[in-house]
>>> print(open('run.txt').read())   # compact mmCIF, C-alpha atoms
# COMPACT_ATOMS: atom_id res chain seq x y z
CA MET A 9 -79.62 49.86 92.98
CA MET A 10 -79.75 46.20 91.97
CA GLU A 11 -76.13 46.17 90.88
CA PHE A 12 -75.11 47.64 94.21
CA ILE A 13 -77.08 45.01 96.16
CA LYS A 14 -75.59 42.21 94.07
CA THR A 15 -72.05 43.49 94.58
CA LEU A 16 -72.65 43.92 98.29
CA ALA A 17 -73.95 40.36 98.62
CA ARG A 18 -70.83 39.04 96.88
CA GLN A 19 -68.54 41.12 99.08
CA ALA A 20 -70.32 39.99 102.24
CA GLY A 21 -70.15 36.39 101.07
CA ALA A 22 -66.41 36.65 100.50
CA ILE A 23 -65.93 37.89 104.06
CA ALA A 24 -68.01 35.01 105.43
CA LEU A 25 -66.26 32.39 103.30
CA ALA A 26 -62.82 33.55 104.40
CA ASP A 27 -63.86 33.55 108.04
CA GLY A 28 -65.37 30.10 107.71
CA MET A 29 -61.99 28.65 106.76
CA ARG A 30 -60.61 29.58 110.18
CA LEU A 31 -63.71 29.23 112.33
CA GLN A 32 -62.99 27.98 115.85
CA SER A 33 -65.21 26.94 118.74
CA GLY A 34 -64.61 30.26 120.49
CA ASN A 35 -66.24 32.04 117.56
CA ILE A 36 -69.48 30.04 117.88
CA HIS A 37 -72.22 31.04 120.32
CA THR A 38 -75.87 30.27 121.05
CA LYS A 39 -78.92 32.53 121.15
CA ALA A 40 -82.35 31.63 122.53
CA THR A 41 -81.61 27.89 122.68
CA ALA A 42 -78.55 25.66 122.42
CA ARG A 43 -79.71 24.69 118.91
CA ASP A 44 -79.87 28.28 117.68
CA LEU A 45 -76.31 29.15 116.68
CA VAL A 46 -74.67 32.46 115.89
CA THR A 47 -71.03 33.11 115.07
CA ASP A 48 -68.79 36.13 115.29
CA THR A 49 -68.89 36.02 111.49
CA ASP A 50 -72.69 36.50 111.41
CA ARG A 51 -72.26 39.70 113.38
CA LYS A 52 -69.23 40.85 111.41
CA VAL A 53 -70.95 40.36 108.07
CA GLU A 54 -74.13 42.10 109.20
CA GLU A 55 -72.14 45.08 110.46
CA PHE A 56 -70.40 45.31 107.09
CA ILE A 57 -73.67 45.17 105.13
CA VAL A 58 -75.40 47.69 107.40
CA SER A 59 -72.46 50.07 107.15
CA GLU A 60 -72.37 49.94 103.35
CA LEU A 61 -76.13 50.32 103.00
CA GLY A 62 -76.12 53.23 105.41
CA LYS A 63 -73.56 55.07 103.31
CA ARG A 64 -75.45 54.53 100.06
CA PHE A 65 -79.08 54.71 101.27
CA PRO A 66 -79.17 56.71 104.52
CA GLU A 67 -82.88 57.44 104.08
CA TYR A 68 -83.83 53.72 104.09
CA GLY A 69 -84.60 51.59 107.12
CA ILE A 70 -82.62 48.47 107.97
CA TYR A 71 -83.71 45.29 109.76
CA GLY A 72 -81.11 42.61 110.42
CA GLU A 73 -81.20 39.25 112.13
CA GLU A 74 -78.45 39.97 114.62
CA ASN A 75 -78.95 43.62 115.55
CA GLY A 76 -82.64 44.20 114.91
CA GLY A 77 -84.16 47.26 113.31
CA LYS A 78 -82.98 50.77 112.60
CA HIS A 79 -85.81 52.94 111.28
CA ALA A 80 -87.47 49.73 110.08
CA GLU A 81 -90.80 51.56 109.91
CA ARG A 82 -89.69 53.64 106.92
CA GLU A 83 -91.30 53.14 103.51
CA TYR A 84 -88.23 51.36 102.16
CA CYS A 85 -86.37 48.93 104.40
CA PHE A 86 -83.49 46.54 103.77
CA VAL A 87 -84.04 43.17 105.47
CA ILE A 88 -80.81 41.27 106.03
CA ASP A 89 -79.76 37.78 106.99
CA PRO A 90 -75.94 37.88 107.02
CA ILE A 91 -75.63 34.09 107.07
CA ASP A 92 -78.82 32.17 106.42
CA GLY A 93 -77.98 28.60 107.39
CA THR A 94 -75.55 29.21 110.23
CA THR A 95 -75.53 25.56 111.28
CA SER A 96 -74.40 24.57 107.79
CA PHE A 97 -71.80 27.34 107.89
CA VAL A 98 -70.44 26.05 111.20
CA ARG A 99 -70.41 22.41 110.10
CA GLY A 100 -68.88 22.99 106.68
CA PHE A 101 -71.94 22.21 104.58
CA PRO A 102 -72.38 24.37 101.44
CA ASN A 103 -76.04 25.28 102.06
CA TRP A 104 -75.68 28.75 103.52
CA CYS A 105 -75.93 32.17 101.97
CA VAL A 106 -76.02 35.93 102.35
CA SER A 107 -79.53 37.33 101.89
CA ILE A 108 -80.32 41.01 101.29
CA GLY A 109 -83.94 41.93 100.64
CA LEU A 110 -85.59 45.29 100.08
CA THR A 111 -89.18 45.92 101.12
CA ARG A 112 -91.52 48.81 100.32
CA LYS A 113 -94.31 49.20 102.86
CA GLY A 114 -93.63 45.62 103.95
CA ARG A 115 -93.73 44.08 100.48
CA SER A 116 -90.57 42.49 99.07
CA VAL A 117 -89.60 44.38 95.93
CA ALA A 118 -85.96 43.43 95.36
CA GLY A 119 -83.41 41.02 96.68
CA ALA A 120 -80.17 39.15 96.24
CA VAL A 121 -79.15 35.77 97.65
CA TYR A 122 -75.52 34.77 97.30
CA GLN A 123 -74.21 31.26 97.99
CA PRO A 124 -70.44 31.71 98.42
CA VAL A 125 -69.45 28.03 98.26
CA THR A 126 -70.99 27.55 94.81
CA GLY A 127 -70.66 31.14 93.59
CA ASP A 128 -74.34 31.27 92.64
CA LEU A 129 -75.94 34.71 92.83
CA TYR A 130 -79.74 34.84 92.70
CA TYR A 131 -81.47 38.18 92.32
CA ALA A 132 -84.73 39.81 91.33
CA GLU A 133 -86.44 43.16 91.19
CA GLU A 134 -90.21 43.50 91.04
CA GLY A 135 -91.41 43.63 87.45
CA LYS A 136 -87.99 42.84 86.01
CA GLY A 137 -87.67 39.08 86.30
CA SER A 138 -85.64 36.69 88.41
CA PHE A 139 -82.11 35.49 87.62
CA VAL A 140 -79.17 33.36 88.70
CA ASN A 141 -75.76 34.34 87.38
CA GLY A 142 -77.42 36.28 84.58
CA LEU A 143 -79.74 33.43 83.48
CA ARG A 144 -83.51 33.87 83.70
CA LEU A 145 -85.28 31.74 86.31
CA GLN A 146 -88.57 29.96 85.81
CA VAL A 147 -90.51 27.79 88.25
CA SER A 148 -91.37 24.22 87.32
CA GLN A 149 -94.60 23.27 85.56
CA ARG A 150 -95.41 20.07 87.47
CA GLU A 151 -99.01 19.68 88.58
CA ARG A 152 -99.13 16.23 90.20
CA LEU A 153 -97.73 15.93 93.72
CA GLU A 154 -96.44 12.43 93.01
CA GLU A 155 -94.08 13.99 90.46
CA CYS A 156 -92.87 16.74 92.79
CA VAL A 157 -89.85 17.30 95.01
CA LEU A 158 -90.50 19.69 97.89
CA ILE A 159 -88.27 21.29 100.49
CA THR A 160 -89.04 21.93 104.12
CA GLY A 161 -87.25 22.88 107.32
CA PHE A 162 -87.45 22.72 111.09
CA ALA A 163 -87.03 26.18 112.54
CA CYS A 164 -89.85 25.11 114.86
CA LEU A 165 -87.74 22.34 116.40
CA ARG A 166 -84.66 24.55 116.67
CA ALA A 167 -86.82 26.92 118.71
CA GLN A 168 -88.06 23.94 120.78
CA PHE A 169 -91.64 24.59 119.70
CA LYS A 170 -93.49 21.54 121.00
CA GLU A 171 -97.06 22.84 120.90
CA GLU A 172 -97.06 22.91 117.10
CA ASN A 173 -94.27 21.77 114.82
CA ASN A 174 -93.66 20.59 111.30
CA LEU A 175 -93.40 16.86 111.95
CA LYS A 176 -97.10 16.09 111.46
CA PHE A 177 -97.18 17.99 108.17
CA VAL A 178 -94.10 16.17 106.91
CA ALA A 179 -95.78 12.87 107.79
CA ARG A 180 -98.84 13.87 105.76
CA ILE A 181 -97.13 15.33 102.72
CA ALA A 182 -93.99 13.24 102.19
CA PRO A 183 -95.82 10.04 101.14
CA GLU A 184 -97.54 11.97 98.35
CA LEU A 185 -94.29 13.16 96.71
CA THR A 186 -91.44 11.91 94.59
CA ASP A 187 -89.16 13.07 97.40
CA LEU A 188 -88.60 15.61 100.16
CA ARG A 189 -85.47 17.66 100.89
CA LYS A 190 -84.15 19.62 103.88
CA PHE A 191 -81.23 21.99 103.28
CA GLY A 192 -81.33 24.41 106.21
CA SER A 193 -81.49 27.79 104.46
CA ALA A 194 -84.92 29.26 103.76
CA ALA A 195 -83.48 31.85 101.37
CA LEU A 196 -81.81 29.16 99.25
CA ASP A 197 -84.92 26.98 99.47
CA CYS A 198 -86.87 29.81 97.85
CA CYS A 199 -84.20 30.05 95.17
CA MET A 200 -84.37 26.30 94.48
CA THR A 201 -88.10 26.73 93.95
CA ALA A 202 -87.57 29.72 91.67
CA ARG A 203 -85.17 27.81 89.44
CA GLY A 204 -87.44 24.75 89.25
CA ALA A 205 -85.05 22.39 91.02
CA ALA A 206 -87.77 22.00 93.64
CA ASP A 207 -91.49 22.45 93.08
CA GLY A 208 -92.11 24.17 96.39
CA PHE A 209 -90.97 24.91 99.93
CA TRP A 210 -92.81 25.32 103.22
CA GLU A 211 -91.78 26.00 106.79
CA LEU A 212 -93.18 27.14 110.14
CA PHE A 213 -91.98 29.95 112.42
CA LEU A 214 -89.61 31.70 110.06
CA GLN A 215 -88.66 35.35 110.45
CA PRO A 216 -88.89 38.14 107.82
CA TYR A 217 -85.13 38.18 107.28
CA ASP A 218 -85.21 34.48 106.35
CA VAL A 219 -87.34 35.07 103.26
CA ALA A 220 -87.37 38.77 102.37
CA ALA A 221 -85.09 38.31 99.36
CA GLY A 222 -86.43 34.87 98.46
CA ILE A 223 -90.03 36.08 98.17
CA VAL A 224 -89.41 38.42 95.24
CA ILE A 225 -87.09 35.90 93.59
CA VAL A 226 -89.87 33.29 93.62
CA ARG A 227 -92.57 35.68 92.47
CA GLU A 228 -90.53 37.03 89.59
CA ALA A 229 -89.84 33.45 88.47
CA GLY A 230 -93.59 32.86 88.19
CA GLY A 231 -94.19 31.26 91.57
CA THR A 232 -96.77 31.79 94.30
CA VAL A 233 -96.07 32.82 97.91
CA THR A 234 -98.61 32.75 100.77
CA ASP A 235 -98.97 31.85 104.41
CA LEU A 236 -100.26 28.39 105.31
CA PHE A 237 -103.84 29.67 105.13
CA GLY A 238 -103.39 30.99 101.59
CA GLY A 239 -103.18 34.58 102.81
CA LYS A 240 -100.59 37.33 103.06
CA GLU A 241 -99.57 37.01 106.72
CA PHE A 242 -96.26 35.34 106.03
CA PRO A 243 -94.01 34.30 107.58
CA GLY A 244 -95.88 34.90 110.85
CA SER A 245 -98.70 32.53 109.86
CA GLY A 246 -96.36 30.05 108.20
CA PHE A 247 -94.68 30.24 104.83
CA ILE A 248 -95.17 28.37 101.57
CA CYS A 249 -93.90 29.06 98.07
CA THR A 250 -94.57 26.87 95.05
CA ASN A 251 -94.68 26.81 91.28
CA GLY A 252 -98.32 27.90 91.64
CA LYS A 253 -99.74 24.79 90.02
CA ILE A 254 -99.62 22.71 93.21
CA HIS A 255 -100.25 25.53 95.66
CA GLU A 256 -103.91 24.92 96.48
CA LYS A 257 -103.30 21.17 96.75
CA LEU A 258 -100.60 21.70 99.36
CA LEU A 259 -102.58 24.19 101.41
CA LYS A 260 -105.15 21.49 102.16
CA TYR A 261 -102.58 19.63 104.27
CA PHE A 262 -102.37 22.51 106.77
CA TYR A 263 -106.06 22.63 107.69
CA ASP A 264 -105.32 22.29 111.43
CA PHE A 265 -102.27 24.55 111.66
CA LYS A 266 -102.67 26.39 114.97
CA ASN A 267 -100.85 29.56 113.90
CA LEU A 268 -98.88 29.78 117.15
CA ARG A 269 -96.36 32.59 117.46
CA ARG A 270 -93.19 32.95 119.47
>>> encode(input="run.txt", output="structure tokens")
Amino acid sequence: MMEFIKTLARQAGAIALADGMRLQSGNIHTKATARDLVTDTDRKVEEFIVSELGKRFPEYGIYGEENGGKHAEREYCFVIDPIDGTTSFVRGFPNWCVSIGLTRKGRSVAGAVYQPVTGDLYYAEEGKGSFVNGLRLQVSQRERLEECVLITGFACLRAQFKEENNLKFVARIAPELTDLRKFGSAALDCCMTARGAADGFWELFLQPYDVAAGIVIVREAGGTVTDLFGGKEFPGSGFICTNGKIHEKLLKYFYDFKNLRR
């Protein structure tokens, strides 16, 4: 199965990359807000992935960002983000990817994240380790926040969430770090944590398709994944993944997170 998912992610990425070279304004649309972009390519790539998965695994459920669920209640369900980082895709930044995760009873058990611009393919299967381009991944071993680089994002602002957003947490945490990054793709942010390039990543108001593949990639690299209360209700109650060594320290900064939901 893993080889099939990896191949499919590469094929989907090739379609997206080719389309991106000829992307025009007429191919770009908005969803809930003017800041929430979707392209014809997002939909095209998702349709391709869903079609191929349906042929190979007709008994599995599928849940995609663009077209929602199809038998998503089944024991095994593929969770798809055809282009995670659509704004980067539209603007020509390299930080976007194809993300295909597999869940069993809601738990992420396998996944592949492919970044077409760089050619990096991240993948993991529960109990079998986490890899990029065939090389084993391992989270960092840093324990002091002042030595750490973290990643965050602003899905909350894109959704125009004013009651609770990430700005106050950034203001608290950033001064304690070596540095803070924002790349715009939650799936790739998980992968950066898994490979030790970053020591952790947090964000508010993500959706399951944003992190389904990234979760198992982080865990199999030795990292820790929880919600912002240290529990298992992610991403609905916020999302944080780290090298494990700084996890409890970071959770303390979210003591007044209101856990609002869209």
>>> closest_residue(input="run.txt", among="A:Glu83, A:Glu134, A:Asp50, A:Glu55", to="Val98 in chain A", atoms="only C-alpha atoms")
A:Asp50
>>> closest_residue(input="run.txt", among="A:Ala195, A:Ala163, A:Val117, A:Leu259", to="Val224 in chain A", atoms="only C-alpha atoms")
A:Val117
>>> atom_distance(input="run.txt", atom1="CA of Ala26 in chain A", atom2="CA of Lys190 in chain A")
25.5 Å
>>> closest_residue(input="run.txt", among="A:Asp197, A:Asp235, A:Asp44, A:Glu133", to="Glu256 in chain A", atoms="all atoms listed in the file")
A:Asp235
>>> closest_residue(input="run.txt", among="A:Val46, A:Leu212, A:Met29, A:Leu145", to="Lys176 in chain A", atoms="only C-alpha atoms")
A:Leu212
>>> residues_around(input="run.txt", residues="Ala120 in chain A", least_positions_apart="6", cutoff="8 Å", atoms="all atoms listed in the file", output="ChimeraX atom specification")
/A:13-14,17,107-109,129-132,221-222
>>> residues_around(input="run.txt", residues="Arg18 in chain A", least_positions_apart="2", cutoff="9 Å", atoms="all atoms listed in the file", output="ChimeraX atom specification")
/A:13-16,20-23,106,121-124,127,129
>>> atom_distance(input="run.txt", atom1="CA of Gln215 in chain A", atom2="CA of Thr126 in chain A")
24.9 Å
>>> residues_around(input="run.txt", residues="Tyr84 in chain A", least_positions_apart="2", cutoff="10 Å", atoms="all atoms listed in the file", output="mmCIF file with C-alpha atoms, in the coordinates of the input")
data_model
loop_
_atom_site.group_PDB
_atom_site.id
_atom_site.type_symbol
_atom_site.label_atom_id
_atom_site.label_comp_id
_atom_site.auth_asym_id
_atom_site.auth_seq_id
_atom_site.Cartn_x
_atom_site.Cartn_y
_atom_site.Cartn_z
ATOM 1 C CA PHE A 65 -79.080 54.710 101.270
ATOM 2 C CA GLU A 67 -82.880 57.440 104.080
ATOM 3 C CA TYR A 68 -83.830 53.720 104.090
ATOM 4 C CA GLY A 69 -84.600 51.590 107.120
ATOM 5 C CA ILE A 70 -82.620 48.470 107.970
ATOM 6 C CA HIS A 79 -85.810 52.940 111.280
ATOM 7 C CA ALA A 80 -87.470 49.730 110.080
ATOM 8 C CA GLU A 81 -90.800 51.560 109.910
ATOM 9 C CA ARG A 82 -89.690 53.640 106.920
ATOM 10 C CA PHE A 86 -83.490 46.540 103.770
ATOM 11 C CA VAL A 87 -84.040 43.170 105.470
ATOM 12 C CA LEU A 110 -85.590 45.290 100.080
ATOM 13 C CA THR A 111 -89.180 45.920 101.120
ATOM 14 C CA ARG A 112 -91.520 48.810 100.320
ATOM 15 C CA LYS A 113 -94.310 49.200 102.860
ATOM 16 C CA GLY A 114 -93.630 45.620 103.950
ATOM 17 C CA ARG A 115 -93.730 44.080 100.480
ATOM 18 C CA SER A 116 -90.570 42.490 99.070
ATOM 19 C CA VAL A 117 -89.600 44.380 95.930
#
>>> residues_around(input="run.txt", residues="Leu158 in chain A", least_positions_apart="5", cutoff="10 Å", atoms="all atoms listed in the file", output="PyMOL selection string")
chain A and resi 153+181-182+185-190+197+200-201+205-210+249-250
>>> axis_aligned_box(input="run.txt", around="range 193-197 of chain A", padding_each_side="3 Å", output="AutoDock Vina command-line options")
--center_x -83.2 --center_y 29.4 --center_z 101.9 --size_x 9.4 --size_y 10.9 --size_z 11.2
>>> residues_around(input="run.txt", residues="Arg150 in chain A", least_positions_apart="3", cutoff="9 Å", atoms="all atoms listed in the file", output="CSV table (one decimal) with C-alpha atoms, in the coordinates of the input")
chain,number,residue,atom,x,y,z
A,153,LEU,CA,-97.7,15.9,93.7
A,155,GLU,CA,-94.1,14.0,90.5
A,156,CYS,CA,-92.9,16.7,92.8
A,207,ASP,CA,-91.5,22.4,93.1
A,251,ASN,CA,-94.7,26.8,91.3
A,253,LYS,CA,-99.7,24.8,90.0
A,254,ILE,CA,-99.6,22.7,93.2
>>> closest_residue(input="run.txt", among="A:Phe101, A:Asp264, A:Thr95, A:Val233", to="Ile36 in chain A", atoms="only C-alpha atoms")
A:Thr95
>>> atom_distance(input="run.txt", atom1="CA of Gly244 in chain A", atom2="CA of Leu214 in chain A")
7.1 Å
>>> closest_residue(input="run.txt", among="A:Ile91, A:Leu31, A:Cys85, A:Cys105", to="Leu196 in chain A", atoms="all atoms listed in the file")
A:Cys105
